[in-house]
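Peer 1: Here it is, the structure in full.
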Amino acid sequence: MALPFLPGNSFNKNDIKHRQKMMDVLLGKTKYHLSHHFDTKNDVTMMVGEERPGIGGELLRGQKVKPRSSVFPRGNGSNLPAWVAFDRQVMCFDAFFQEAVHEKREEQFRVRNCKIYFYLEDDSIQVIEPRTKNSQIPQGTLIRRHRVPKPPPNDDEFYTIEDFNVGKEISLYSKVFKITNCDEFTRNFLRKLGVKVNVPDENPADPYTKYRKSMDESMQALRPYEKHDTLKQFLDHDRQVLRFFCYWDDTDSMFGDPREMVLHYFLADDTIEIREVISPNSGRDAAPMFLKRGKLPKNIESLRQPGEITDRTVLNVFGPTGHGGRYILDSLKTGAVRTDFYKDSDLTLGSVLNVWGRKYIICDLDDFTKEYYRTKFGIEDFNTVSYKKGGYGGVERQWPPYNGWGSEEDSLCSCMGLLPKPPKRDFIKFMEKDRRGLDSNVLRFLARMDTSKPIDQDRRFIISYFLSDDTILVFEPPVRNSGIIGGKFLERTRVKKPEQPLYSTQMSEYYLSSDLFVGARVIFNSHVFLLIDADEYAFRYMEGCPHEFPKANIESIINRLRGSVGKNKDEVKSFFMRNDPEGSGVLGYDQFVSLLKQVDSSLTDQEIMTLARFYSERPSEDAIDSRKLFAIIQEQLRKRNYEGFSKLIEDCQQHDQGKQGFLDPETVRTVLHAHHVPLPDDLLRAGIAMTPANERGEVQYAALINQMNWRDAPVPPMQYQPIVDDSQWQGTNQSNKISVSRICYNVLLEDFFGKSS
């Protein structure tokens, strides 16, 4: 029943607050809340808050605060939790514990040293005992890492950092550990916490360890024996082997023959092994080793008695043999038996080795062995010893003649074994010389028939040589109203050279790339062709590989002409002066050809054209027009609808740390690729190359991006001729060809006679 809201029956809030303040002053507290001590579990009323405080958070009588983890003082640092602030920080203590040993006379207890690790991040403890050799005791991790509870009656608490200090004893699972020392980090950390670190102490010695040490010392000899230390030689020369090629003439014995051997000398331990080189069909078993690895004596001696050869010898000083005698070590080795073994200094070219009664002659060395003797002994002369007699050996195998079925390689493979195998192709050459993009690896020549028939004299042929498999294809372009059907004149195949027997035991010779050049006369299946021209790719390929095409080697041509001119230098100079009265330094192609024919009439058309192309004055039609280039770039970007030019400038400015407006070309290219600019890489490189640059080669990235911007700075579209495939080339078209019409003879004269001319 509630009181009526009448005067005298209601409470004043201000009076209540005033009375509460007076009560706080009299009692001295401001909190009056009650902790939850009692609860019901499984319908049983029990006390659940034994560790909780009383009214207002005050401790009850006899109640102590049991910290759950280590408490660290607050400093001026960050307020990070302990598992973050003390991550990977570990305190290390040196400790020991005693273990009783029962029913053993030598020891009654053991002293076991260990390391105690206390992890600050979670108060976990780990105990590790260092392993001792031949201890026969399970060592290593004695207590894995976890929080260890204290012994009863405080088994509801865990060890914290306050429980650790030098000199203290802690009980971990009924084992009492005595802490004797700690590392420098632990000492400094405890001092910062305000803990006084005690003076470190030494771990007591283990009685059994001392007993074993005294036994070992009693068994050691009073006089040290001579030591043979071969470890340094092994470490310096491990896996280093000298290889010698030897020869053993065994023809004096019955059914003997000369035999080739390979001698291996191991520098790590001065041992020798010999392997035999067994040729195919020699009738000998392929034994893995002719002489097993070991030291090779120089002289053959009789078998020694057991104990006669020892590493150490002793001398009987006085007394009878046996009990009562006195012996000392023979340091001078007066009674030692010495055996000379072969060393690396004994193995030289031409030397004869005695291998258990067999005379071996060293004939040759490998490169590593030569370098070893050159470095260590200073030997420079490594002339090999010829040991094979002329005409000796098996009869050269004669293959049966070609029978006309299939190719010659196929017929030869059927004679090499019972199971015929197809001939192997040069796969590496095929992969290197196969077509890749615009690089066709096909040499095309324009040819005509070298015949007296009027009908065949006007016919033109395209001879294509495929570098990938050395095949030749002959194609005749069709000509209207000629009466001759054009098309393939010769299928793609390898072509034999003329004047070779059809059925021979030797492989036939085929036309190679070096046999085809302008001016060459070739015969394909009784048809004689004269090569009169080649395409631009063939000229550039031959000039780029002068070692394969001697007719296109500019250096050999100049040296040949320099030798042909000889003392006629004045006549050559006067010829140039007569044909160039104005002194312009250039000469016509026809005049240049006539001069070369007068100097050396044996020059081929290929050599003349190579020389003319090298010294020719070519028009600059190959130069790239920057306006046309950026018109193509803007057209590509407009088709892809790319408009991220502002982001390109921002990214370039971020890379430009000096704010100079210039960047390295590779950096600009990387930025454009990072923003996925839809341009081919070759077109991108050409645009960067056409952009203004400073003295250090850095390009002005803002100018490049502004020229690419088809929105703000559009360039009118231009007509351009794209690159077309020249697979249908039918001879050099003089109207479209950049012909070699003028030759700069001044540079030619400088190469011939020097700059003084």
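For the structure tokens, the naming scheme is as follows: chains receive sequential letters (A, B, ...) according to their order of presentation, residues are indexed from 1 within each chain, and ligands are indexed from 1 in presentation order.
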What lies within 8 Å of Gln591 of chain A using only C-alpha atoms, ignoring chain neighbours under 4 positions off, as a PyMOL selection string?
Peer 2: chain A and resi 579+587+595
Peer 1: Please report the interatomic distance between atom CA of Asp238 of chain A and atom CA of Leu267 of chain A in Å with one decimal.
Peer 2: 7.2 Å
Peer 1: Would you give me, as a PyMOL selection string, the residues in segment 299-510 of chain A that DSSP reads as strand (DSSP E)?
Peer 2: chain A and resi 314-318+326-329+352-355+358-365+442-449+460-466+471-476+487-493
Peer 1: In segment 429-604 of chain A, what's helix (DSSP H, G or I) per DSSP? Answer as an MDAnalysis selection string?
Peer 2: chainID A and resid 429:433 454:457 513:515 536:544 550:552 554:565 569:579 589:599
Peer 1: Would you put the residues from that selection into a file with C-alpha atoms, as a PDB file, in the first residue's frame?
Peer 2:
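Written file, part_37.pdb:
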ATOM      1  CA  LYS A 429      68.387 -25.254 -84.756  1.00  0.00           C
ATOM      2  CA  PHE A 430      64.721 -25.566 -85.666  1.00  0.00           C
ATOM      3  CA  MET A 431      63.636 -23.642 -82.542  1.00  0.00           C
ATOM      4  CA  GLU A 432      66.267 -20.937 -83.038  1.00  0.00           C
ATOM      5  CA  LYS A 433      65.665 -20.416 -86.759  1.00  0.00           C
ATOM      6  CA  PRO A 454      64.727 -17.465-125.602  1.00  0.00           C
ATOM      7  CA  ILE A 455      61.520 -18.605-123.904  1.00  0.00           C
ATOM      8  CA  ASP A 456      63.267 -19.463-120.624  1.00  0.00           C
ATOM      9  CA  GLN A 457      65.533 -16.418-120.515  1.00  0.00           C
ATOM     10  CA  SER A 513      72.873 -20.984 -96.862  1.00  0.00           C
ATOM     11  CA  SER A 514      76.482 -19.944 -97.549  1.00  0.00           C
ATOM     12  CA  ASP A 515      76.184 -21.306-101.117  1.00  0.00           C
ATOM     13  CA  GLU A 536      65.999  -6.602 -97.939  1.00  0.00           C
ATOM     14  CA  TYR A 537      65.719  -9.198 -95.162  1.00  0.00           C
ATOM     15  CA  ALA A 538      68.224 -11.487 -96.905  1.00  0.00           C
ATOM     16  CA  PHE A 539      70.732  -8.641 -97.331  1.00  0.00           C
ATOM     17  CA  ARG A 540      70.429  -7.594 -93.694  1.00  0.00           C
ATOM     18  CA  TYR A 541      70.652 -11.161 -92.405  1.00  0.00           C
ATOM     19  CA  MET A 542      73.779 -11.937 -94.419  1.00  0.00           C
ATOM     20  CA  GLU A 543      75.418  -8.656 -93.422  1.00  0.00           C
ATOM     21  CA  GLY A 544      74.553  -9.364 -89.778  1.00  0.00           C
ATOM     22  CA  PRO A 550      81.896 -14.617 -96.374  1.00  0.00           C
ATOM     23  CA  LYS A 551      80.497 -12.853 -99.461  1.00  0.00           C
ATOM     24  CA  ALA A 552      78.799 -10.336 -97.131  1.00  0.00           C
ATOM     25  CA  ILE A 554      82.708  -6.145 -95.281  1.00  0.00           C
ATOM     26  CA  GLU A 555      86.105  -6.485 -93.565  1.00  0.00           C
ATOM     27  CA  SER A 556      87.297  -9.341 -95.781  1.00  0.00           C
ATOM     28  CA  ILE A 557      86.096  -7.483 -98.893  1.00  0.00           C
ATOM     29  CA  ILE A 558      88.013  -4.324 -97.911  1.00  0.00           C
ATOM     30  CA  ASN A 559      91.172  -6.313 -97.121  1.00  0.00           C
ATOM     31  CA  ARG A 560      90.879  -8.090-100.448  1.00  0.00           C
ATOM     32  CA  LEU A 561      90.499  -4.814-102.344  1.00  0.00           C
ATOM     33  CA  ARG A 562      93.335  -3.217-100.379  1.00  0.00           C
ATOM     34  CA  GLY A 563      95.612  -6.046-101.499  1.00  0.00           C
ATOM     35  CA  SER A 564      94.381  -5.802-105.096  1.00  0.00           C
ATOM     36  CA  VAL A 565      94.985  -2.038-105.270  1.00  0.00           C
ATOM     37  CA  LYS A 569      96.608   4.273-105.203  1.00  0.00           C
ATOM     38  CA  ASP A 570      97.088   7.306-107.442  1.00  0.00           C
ATOM     39  CA  GLU A 571      95.087   5.722-110.265  1.00  0.00           C
ATOM     40  CA  VAL A 572      92.145   4.993-107.957  1.00  0.00           C
ATOM     41  CA  LYS A 573      92.187   8.546-106.580  1.00  0.00           C
ATOM     42  CA  SER A 574      92.393  10.021-110.073  1.00  0.00           C
ATOM     43  CA  PHE A 575      89.408   7.898-111.182  1.00  0.00           C
ATOM     44  CA  PHE A 576      87.287   9.331-108.373  1.00  0.00           C
ATOM     45  CA  MET A 577      88.444  12.867-109.207  1.00  0.00           C
ATOM     46  CA  ARG A 578      87.529  12.465-112.892  1.00  0.00           C
ATOM     47  CA  ASN A 579      84.032  11.141-112.135  1.00  0.00           C
ATOM     48  CA  TYR A 589      76.412   3.277-108.537  1.00  0.00           C
ATOM     49  CA  ASP A 590      77.294   2.338-112.132  1.00  0.00           C
ATOM     50  CA  GLN A 591      80.567   4.245-111.969  1.00  0.00           C
ATOM     51  CA  PHE A 592      81.359   2.612-108.627  1.00  0.00           C
ATOM     52  CA  VAL A 593      80.738  -0.868-110.079  1.00  0.00           C
ATOM     53  CA  SER A 594      82.946  -0.208-113.099  1.00  0.00           C
ATOM     54  CA  LEU A 595      85.783   0.964-110.812  1.00  0.00           C
ATOM     55  CA  LEU A 596      85.575  -2.162-108.652  1.00  0.00           C
ATOM     56  CA  LYS A 597      85.564  -4.381-111.757  1.00  0.00           C
ATOM     57  CA  GLN A 598      88.756  -2.667-112.935  1.00  0.00           C
ATOM     58  CA  VAL A 599      90.415  -3.121-109.528  1.00  0.00           C
TER      59      VAL A 599
END
Peer 1: Which residue gives the smallest distance to Gln506 of chain A among A:Pro258, A:Pro401, A:Gly417, A:Gly350, with only C-alpha atoms counted?
Peer 2: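 Residue with the minimum atom-to-atom distance to Gln506 of chain A: A:Pro401.
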Peer 1: Fewer than 4 positions away in the same chain doesn't count, so skip those; otherwise give me all residues within 9 Å of Arg88 of chain A, counting only C-alpha atoms, as a list in words.
Peer 2: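 Contacts, with the query itself left out: Tyr119, Leu120 and Glu121 of chain A.
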Peer 1: Write a file of the just-selected residues containing all heavy atoms, as a PDB file, in the first residue's frame.
Peer 2:
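Result written to part-v5.pdb:
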ATOM      1  N   TYR A 119      58.475 -16.187 -19.420  1.00  0.00           N
ATOM      2  CA  TYR A 119      57.970 -15.375 -20.532  1.00  0.00           C
ATOM      3  C   TYR A 119      57.082 -14.273 -19.955  1.00  0.00           C
ATOM      4  O   TYR A 119      56.062 -14.544 -19.298  1.00  0.00           O
ATOM      5  CB  TYR A 119      57.177 -16.226 -21.517  1.00  0.00           C
ATOM      6  CG  TYR A 119      58.040 -17.238 -22.227  1.00  0.00           C
ATOM      7  CD1 TYR A 119      58.317 -18.478 -21.652  1.00  0.00           C
ATOM      8  CD2 TYR A 119      58.593 -16.963 -23.463  1.00  0.00           C
ATOM      9  CE1 TYR A 119      59.115 -19.403 -22.290  1.00  0.00           C
ATOM     10  CE2 TYR A 119      59.387 -17.887 -24.118  1.00  0.00           C
ATOM     11  CZ  TYR A 119      59.651 -19.103 -23.530  1.00  0.00           C
ATOM     12  OH  TYR A 119      60.446 -20.014 -24.183  1.00  0.00           O
ATOM     13  N   LEU A 120      57.480 -13.017 -20.202  1.00  0.00           N
ATOM     14  CA  LEU A 120      56.798 -11.881 -19.597  1.00  0.00           C
ATOM     15  C   LEU A 120      55.424 -11.650 -20.198  1.00  0.00           C
ATOM     16  O   LEU A 120      54.577 -11.014 -19.570  1.00  0.00           O
ATOM     17  CB  LEU A 120      57.651 -10.613 -19.765  1.00  0.00           C
ATOM     18  CG  LEU A 120      59.016 -10.644 -19.062  1.00  0.00           C
ATOM     19  CD1 LEU A 120      59.831  -9.423 -19.457  1.00  0.00           C
ATOM     20  CD2 LEU A 120      58.832 -10.675 -17.555  1.00  0.00           C
ATOM     21  N   GLU A 121      55.158 -12.135 -21.381  1.00  0.00           N
ATOM     22  CA  GLU A 121      53.899 -11.805 -22.035  1.00  0.00           C
ATOM     23  C   GLU A 121      52.715 -12.545 -21.419  1.00  0.00           C
ATOM     24  O   GLU A 121      51.601 -12.023 -21.401  1.00  0.00           O
ATOM     25  CB  GLU A 121      53.989 -12.120 -23.529  1.00  0.00           C
ATOM     26  CG  GLU A 121      54.417 -13.531 -23.831  1.00  0.00           C
ATOM     27  CD  GLU A 121      54.504 -13.762 -25.324  1.00  0.00           C
ATOM     28  OE1 GLU A 121      53.638 -13.229 -26.040  1.00  0.00           O
ATOM     29  OE2 GLU A 121      55.433 -14.460 -25.773  1.00  0.00           O
TER      30      GLU A 121
END
Peer 1: My list of candidates is A:Cys182, A:Asn203, A:Glu51, A:Gln108. Which is closest to Glu157 of chain A when distances are computed with only C-alpha atoms?
Peer 2: A:Glu51
Peer 1: Just the residues within 12 Å of Thr471 of chain A, please, counting only C-alpha atoms, with nothing from its chain fewer than 4 positions along; format it as an NGL selection string.
Peer 2: :A and (430 or 441-443 or 463-467 or 490-496 or 510-513)
Peer 1: Kindly save the residues from that selection, with N, CA and C atoms included, as a PDB file, in the first residue's frame.
Peer 2:
ATOM      1  N   PHE A 430      66.078 -25.848 -85.219  1.00  0.00           N
ATOM      2  CA  PHE A 430      64.721 -25.566 -85.666  1.00  0.00           C
ATOM      3  C   PHE A 430      64.049 -24.514 -84.780  1.00  0.00           C
ATOM      4  N   ASN A 441      63.269 -15.706 -90.890  1.00  0.00           N
ATOM      5  CA  ASN A 441      64.376 -16.652 -91.036  1.00  0.00           C
ATOM      6  C   ASN A 441      64.289 -17.400 -92.362  1.00  0.00           C
ATOM      7  N   VAL A 442      63.865 -16.674 -93.395  1.00  0.00           N
ATOM      8  CA  VAL A 442      63.785 -17.223 -94.756  1.00  0.00           C
ATOM      9  C   VAL A 442      64.513 -16.247 -95.671  1.00  0.00           C
ATOM     10  N   LEU A 443      65.499 -16.750 -96.409  1.00  0.00           N
ATOM     11  CA  LEU A 443      66.261 -15.934 -97.363  1.00  0.00           C
ATOM     12  C   LEU A 443      65.661 -16.125 -98.750  1.00  0.00           C
ATOM     13  N   ILE A 463      63.595 -18.036-105.183  1.00  0.00           N
ATOM     14  CA  ILE A 463      64.224 -19.144-104.458  1.00  0.00           C
ATOM     15  C   ILE A 463      64.221 -18.787-102.970  1.00  0.00           C
ATOM     16  N   SER A 464      63.509 -19.564-102.195  1.00  0.00           N
ATOM     17  CA  SER A 464      63.395 -19.328-100.746  1.00  0.00           C
ATOM     18  C   SER A 464      64.185 -20.402-100.014  1.00  0.00           C
ATOM     19  N   TYR A 465      65.118 -19.945 -99.193  1.00  0.00           N
ATOM     20  CA  TYR A 465      65.933 -20.860 -98.382  1.00  0.00           C
ATOM     21  C   TYR A 465      65.494 -20.757 -96.927  1.00  0.00           C
ATOM     22  N   PHE A 466      65.036 -21.860 -96.336  1.00  0.00           N
ATOM     23  CA  PHE A 466      64.539 -21.895 -94.962  1.00  0.00           C
ATOM     24  C   PHE A 466      65.688 -22.294 -94.031  1.00  0.00           C
ATOM     25  N   LEU A 467      66.055 -21.378 -93.153  1.00  0.00           N
ATOM     26  CA  LEU A 467      67.198 -21.607 -92.273  1.00  0.00           C
ATOM     27  C   LEU A 467      66.916 -22.639 -91.190  1.00  0.00           C
ATOM     28  N   LEU A 490      59.533 -26.013-107.639  1.00  0.00           N
ATOM     29  CA  LEU A 490      60.182 -27.079-106.890  1.00  0.00           C
ATOM     30  C   LEU A 490      59.603 -27.088-105.480  1.00  0.00           C
ATOM     31  N   GLU A 491      59.119 -28.251-105.061  1.00  0.00           N
ATOM     32  CA  GLU A 491      58.587 -28.366-103.709  1.00  0.00           C
ATOM     33  C   GLU A 491      59.701 -28.144-102.675  1.00  0.00           C
ATOM     34  N   ARG A 492      59.262 -27.763-101.495  1.00  0.00           N
ATOM     35  CA  ARG A 492      60.229 -27.492-100.422  1.00  0.00           C
ATOM     36  C   ARG A 492      60.918 -28.786-100.017  1.00  0.00           C
ATOM     37  N   THR A 493      62.233 -28.833-100.250  1.00  0.00           N
ATOM     38  CA  THR A 493      63.011 -30.014 -99.935  1.00  0.00           C
ATOM     39  C   THR A 493      64.472 -29.629 -99.903  1.00  0.00           C
ATOM     40  N   ARG A 494      65.282 -30.538 -99.418  1.00  0.00           N
ATOM     41  CA  ARG A 494      66.726 -30.335 -99.463  1.00  0.00           C
ATOM     42  C   ARG A 494      67.225 -30.696-100.856  1.00  0.00           C
ATOM     43  N   VAL A 495      68.122 -29.880-101.384  1.00  0.00           N
ATOM     44  CA  VAL A 495      68.592 -30.047-102.761  1.00  0.00           C
ATOM     45  C   VAL A 495      70.053 -30.459-102.725  1.00  0.00           C
ATOM     46  N   LYS A 496      70.350 -31.548-103.435  1.00  0.00           N
ATOM     47  CA  LYS A 496      71.722 -32.019-103.513  1.00  0.00           C
ATOM     48  C   LYS A 496      72.527 -31.165-104.485  1.00  0.00           C
ATOM     49  N   TYR A 510      74.553 -31.228 -99.577  1.00  0.00           N
ATOM     50  CA  TYR A 510      73.384 -30.440 -99.946  1.00  0.00           C
ATOM     51  C   TYR A 510      73.741 -28.955 -99.933  1.00  0.00           C
ATOM     52  N   TYR A 511      72.913 -28.192-100.642  1.00  0.00           N
ATOM     53  CA  TYR A 511      73.109 -26.746-100.674  1.00  0.00           C
ATOM     54  C   TYR A 511      72.852 -26.162 -99.285  1.00  0.00           C
ATOM     55  N   LEU A 512      73.766 -25.299 -98.825  1.00  0.00           N
ATOM     56  CA  LEU A 512      73.644 -24.600 -97.552  1.00  0.00           C
ATOM     57  C   LEU A 512      73.412 -23.127 -97.793  1.00  0.00           C
ATOM     58  N   SER A 513      73.171 -22.406 -96.719  1.00  0.00           N
ATOM     59  CA  SER A 513      72.873 -20.984 -96.862  1.00  0.00           C
ATOM     60  C   SER A 513      74.074 -20.211 -97.388  1.00  0.00           C
TER      61      SER A 513
END
Peer 1: If we count only C-alpha atoms and set the cut-off at 12 Å, which residues sit around segment 131-143 of chain A, ignoring sequence neighbours fewer than 2 positions away in its own chain? Please answer as a list of chain:residue names.
Peer 2: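 Once the adjacent positions are removed, what remains is A:Phe97, A:Glu99, A:Arg110, A:Arg112, A:Asn113, A:Cys114, A:Lys115, A:Ile116, A:Tyr117, A:Phe118, A:Ser124, A:Ile125, A:Gln126, A:Val127, A:Ile128, A:Glu129, A:Arg145, A:His146, A:Arg147, A:Val148, A:Leu172, A:Tyr173, A:Lys175, A:Tyr208, A:Thr209, A:Arg212.
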Peer 1: What's the 9 Å shell around Lys359 of chain A, counting only C-alpha atoms, without same-chain residues fewer than 3 positions away, as a ChimeraX atom specification?
Peer 2: /A:247-250,352-356
Peer 1: Go ahead and write the selection's residues with all heavy atoms as a short mmCIF file (atom, residue, chain, number, x, y, z; two decimals), in the first residue's frame.
Peer 2:
data_model
loop_
_atom_site.label_atom_id
_atom_site.label_comp_id
_atom_site.auth_asym_id
_atom_site.auth_seq_id
_atom_site.Cartn_x
_atom_site.Cartn_y
_atom_site.Cartn_z
N TYR A 247 98.30 -44.21 -70.87
CA TYR A 247 98.39 -45.21 -71.93
C TYR A 247 99.23 -46.38 -71.42
O TYR A 247 100.33 -46.19 -70.86
CB TYR A 247 99.02 -44.59 -73.18
CG TYR A 247 99.44 -45.56 -74.25
CD1 TYR A 247 98.50 -46.20 -75.05
CD2 TYR A 247 100.79 -45.82 -74.47
CE1 TYR A 247 98.89 -47.10 -76.03
CE2 TYR A 247 101.20 -46.71 -75.46
CZ TYR A 247 100.24 -47.35 -76.23
OH TYR A 247 100.63 -48.23 -77.20
N TRP A 248 98.72 -47.57 -71.57
CA TRP A 248 99.42 -48.80 -71.15
C TRP A 248 99.58 -49.71 -72.36
O TRP A 248 98.60 -50.17 -72.94
CB TRP A 248 98.64 -49.49 -70.02
CG TRP A 248 99.19 -50.82 -69.65
CD1 TRP A 248 100.50 -51.20 -69.63
CD2 TRP A 248 98.44 -51.98 -69.25
NE1 TRP A 248 100.63 -52.50 -69.24
CE2 TRP A 248 99.38 -53.01 -68.99
CE3 TRP A 248 97.09 -52.24 -69.05
CZ2 TRP A 248 98.99 -54.28 -68.58
CZ3 TRP A 248 96.71 -53.49 -68.64
CH2 TRP A 248 97.65 -54.50 -68.39
N ASP A 249 100.84 -49.92 -72.76
CA ASP A 249 101.14 -50.77 -73.92
C ASP A 249 101.30 -52.20 -73.43
O ASP A 249 102.33 -52.58 -72.85
CB ASP A 249 102.42 -50.28 -74.60
CG ASP A 249 102.64 -50.97 -75.93
OD1 ASP A 249 101.79 -51.79 -76.33
OD2 ASP A 249 103.66 -50.68 -76.58
N ASP A 250 100.29 -53.01 -73.68
CA ASP A 250 100.28 -54.41 -73.24
C ASP A 250 100.45 -55.36 -74.41
O ASP A 250 100.02 -56.51 -74.38
CB ASP A 250 98.97 -54.70 -72.50
CG ASP A 250 98.99 -56.04 -71.78
OD1 ASP A 250 100.09 -56.45 -71.36
OD2 ASP A 250 97.93 -56.66 -71.64
N VAL A 352 106.58 -41.95 -66.57
CA VAL A 352 106.18 -43.35 -66.58
C VAL A 352 105.91 -43.78 -65.14
O VAL A 352 106.77 -43.63 -64.27
CB VAL A 352 107.26 -44.25 -67.22
CG1 VAL A 352 106.80 -45.70 -67.23
CG2 VAL A 352 107.57 -43.77 -68.63
N LEU A 353 104.73 -44.30 -64.89
CA LEU A 353 104.33 -44.74 -63.56
C LEU A 353 104.39 -46.25 -63.48
O LEU A 353 104.02 -46.95 -64.44
CB LEU A 353 102.91 -44.26 -63.23
CG LEU A 353 102.62 -42.76 -63.37
CD1 LEU A 353 101.18 -42.48 -62.98
CD2 LEU A 353 103.57 -41.95 -62.53
N ASN A 354 104.83 -46.72 -62.33
CA ASN A 354 104.87 -48.16 -62.07
C ASN A 354 103.63 -48.52 -61.26
O ASN A 354 103.58 -48.31 -60.05
CB ASN A 354 106.14 -48.52 -61.30
CG ASN A 354 106.26 -50.01 -61.07
OD1 ASN A 354 105.51 -50.81 -61.63
ND2 ASN A 354 107.20 -50.39 -60.23
N VAL A 355 102.62 -49.02 -61.93
CA VAL A 355 101.36 -49.38 -61.29
C VAL A 355 101.36 -50.89 -61.12
O VAL A 355 100.92 -51.65 -61.99
CB VAL A 355 100.15 -48.91 -62.12
CG1 VAL A 355 98.85 -49.23 -61.40
CG2 VAL A 355 100.25 -47.42 -62.38
N TRP A 356 101.95 -51.32 -60.00
CA TRP A 356 102.01 -52.74 -59.66
C TRP A 356 102.57 -53.56 -60.83
O TRP A 356 101.99 -54.56 -61.26
CB TRP A 356 100.65 -53.26 -59.24
CG TRP A 356 100.06 -52.55 -58.06
CD1 TRP A 356 99.06 -51.65 -58.06
CD2 TRP A 356 100.49 -52.70 -56.70
NE1 TRP A 356 98.81 -51.19 -56.79
CE2 TRP A 356 99.68 -51.84 -55.92
CE3 TRP A 356 101.46 -53.46 -56.05
CZ2 TRP A 356 99.82 -51.73 -54.55
CZ3 TRP A 356 101.59 -53.34 -54.68
CH2 TRP A 356 100.78 -52.50 -53.94
#
Peer 1: Excluding Arg640 of chain A and its own-chain neighbours fewer than 4 positions away, which residues fall within 10 Å of it when counting only C-alpha atoms? Please give them as a VMD selection string.
Peer 2: chain A and resid 634 to 636 677 to 679
Peer 1: Keeping all heavy atoms for every residue in the selection just given, could you write it to a file as a compact mmCIF listing (two decimals), in the first residue's frame?
Peer 2:
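As written to disk, selection.txt reads:
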# COMPACT_ATOMS: atom_id res chain seq x y z
N GLN A 634 47.44 8.59 -80.17
CA GLN A 634 46.13 9.12 -79.77
C GLN A 634 44.99 8.31 -80.39
O GLN A 634 43.94 8.12 -79.76
CB GLN A 634 46.02 10.59 -80.18
CG GLN A 634 46.87 11.52 -79.33
CD GLN A 634 46.54 12.97 -79.59
OE1 GLN A 634 45.63 13.29 -80.38
NE2 GLN A 634 47.29 13.88 -78.96
N GLU A 635 45.20 7.80 -81.60
CA GLU A 635 44.17 6.98 -82.22
C GLU A 635 43.97 5.67 -81.44
O GLU A 635 42.84 5.22 -81.22
CB GLU A 635 44.55 6.69 -83.67
CG GLU A 635 43.50 5.86 -84.41
CD GLU A 635 43.91 5.58 -85.84
OE1 GLU A 635 44.97 6.09 -86.25
OE2 GLU A 635 43.17 4.85 -86.52
N GLN A 636 45.09 5.07 -80.98
CA GLN A 636 44.99 3.84 -80.18
C GLN A 636 44.28 4.11 -78.86
O GLN A 636 43.43 3.32 -78.41
CB GLN A 636 46.39 3.28 -79.92
CG GLN A 636 47.13 2.82 -81.17
CD GLN A 636 46.59 1.51 -81.71
OE1 GLN A 636 45.95 0.75 -80.98
NE2 GLN A 636 46.82 1.26 -82.98
N VAL A 677 48.11 1.48 -69.52
CA VAL A 677 47.88 2.28 -70.72
C VAL A 677 47.82 1.34 -71.92
O VAL A 677 48.77 0.57 -72.15
CB VAL A 677 49.01 3.32 -70.88
CG1 VAL A 677 48.81 4.12 -72.17
CG2 VAL A 677 49.04 4.25 -69.68
N PRO A 678 46.75 1.32 -72.68
CA PRO A 678 46.59 0.34 -73.77
C PRO A 678 47.41 0.67 -75.00
O PRO A 678 46.88 1.03 -76.05
CB PRO A 678 45.08 0.39 -74.05
CG PRO A 678 44.68 1.77 -73.68
CD PRO A 678 45.55 2.18 -72.52
N LEU A 679 48.74 0.56 -74.88
CA LEU A 679 49.64 0.80 -75.99
C LEU A 679 50.65 -0.34 -76.07
O LEU A 679 51.11 -0.84 -75.04
CB LEU A 679 50.38 2.14 -75.83
CG LEU A 679 49.57 3.42 -76.00
CD1 LEU A 679 50.44 4.63 -75.72
CD2 LEU A 679 49.00 3.52 -77.42
Peer 1: In Å to one decimal, how far is atom CA of Val740 of chain A from atom CA of Glu617 of chain A?
Peer 2: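 Atom-to-atom, atom CA of Glu617 of chain A and atom CA of Val740 of chain A are spaced 7.4 Å apart.
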Peer 1: I need the residue nearest Leu637 of chain A from this list: A:Thr670, A:Ser174, A:Gln707, A:Ser616. Use only C-alpha atoms for the distance.
Peer 2: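 Counting only C-alpha atoms, the residue closest to Leu637 of chain A is A:Gln707.
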